[in-house]
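> I have a structure here, written as C-alpha cells, and I will follow up with some questions on it.
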Amino acid sequence: MKLPSEAELLRIFIGESDRRGGRPLHELIVEEARRRGLAGATVLRGQLGFGAHSRIHTTKILRLSEDLPVVIEIVDRADRIAAFLPVLDELVEEGLVTLETVRVISYRSGAPGDAPA
C-alpha cells in the first residue's frame, strides 16, 4: 500500500479496562481497522494520565491502576479515515478521539514486491 505525502492521524484515547463483548476495546479497534484495510494501527500503553472524570491512572506500585491510559494511532488517507469514523463511534462509548493532518515521510514494509518501481 502506498500512502500519499499528506494523510491523517486518527488518535483514540481510552482506558485499558474498556471492553466490548468481554474483549479489550483496543484489540477490537485494531482488528476492525485491519479488517477494513487501513494502513496500520499502533496501541500505546500510558504510564500516567487522567481523562474526563479527572481520576488519575498510574503505574506507581502503591497506586496500581487496572485502567491505564491506552492510545491507538492510525494513519491513512483522509477518505479511509473518514469511512472508519462511524465504526469508531459505535465502538467507543467513553474516551477522546482526535484527528489531525500529518505529512508522511516514508511507509515501507520491506516485503518483496513493495520496492518502488
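Labels for the C-alpha cells follow display order: chains A, B, ..., residues from 1 in each chain, ligands from 1.
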Set the distance at 12 Å and use only C-alpha atoms: which residues neighbour segment 94-99 of chain A once local chain neighbours fewer than 2 positions away are removed? I'd like the list as number ranges by chain.
A: 7-20, 25-26, 50-53, 69-78, 81-82, 84-86, 88-92, 101-102
> As a PyMOL selection string, list the residues of segment 24-63 of chain A assigned to strand (DSSP E) by DSSP on the backbone atoms of this structure.
chain A and resi 24+41-45+48-49+57-58
> Could you save the residues just selected, with C-alpha atoms, as a compact mmCIF listing (two decimals), in the first residue's frame?

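part38.txt, written as the output of this step:
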```txt
# COMPACT_ATOMS: atom_id res chain seq x y z
CA PRO A 24 -10.46 -5.39 25.24
CA ALA A 41 -2.51 0.85 13.80
CA THR A 42 -0.40 1.08 16.93
CA VAL A 43 -1.52 0.73 20.55
CA LEU A 44 0.46 2.63 23.18
CA ARG A 45 0.02 1.96 26.91
CA LEU A 48 0.09 8.07 33.85
CA GLY A 49 -2.94 10.04 32.81
CA HIS A 57 -4.48 6.37 36.44
CA THR A 58 -0.87 5.38 37.14
```
> When DSSP is applied to the backbone of this structure, which of chain A are assigned alpha helix (DSSP H)? Write them out as a list in words.
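Here is the list: Leu25, His26, Glu27, Leu28, Ile29, Val30, Glu31, Glu32, Ala33, Arg34, Arg35, Ala78, Asp79, Arg80, Ile81, Ala82, Ala83, Phe84, Leu85, Pro86, Val87, Leu88, Asp89, Glu90 and Leu91 of chain A.
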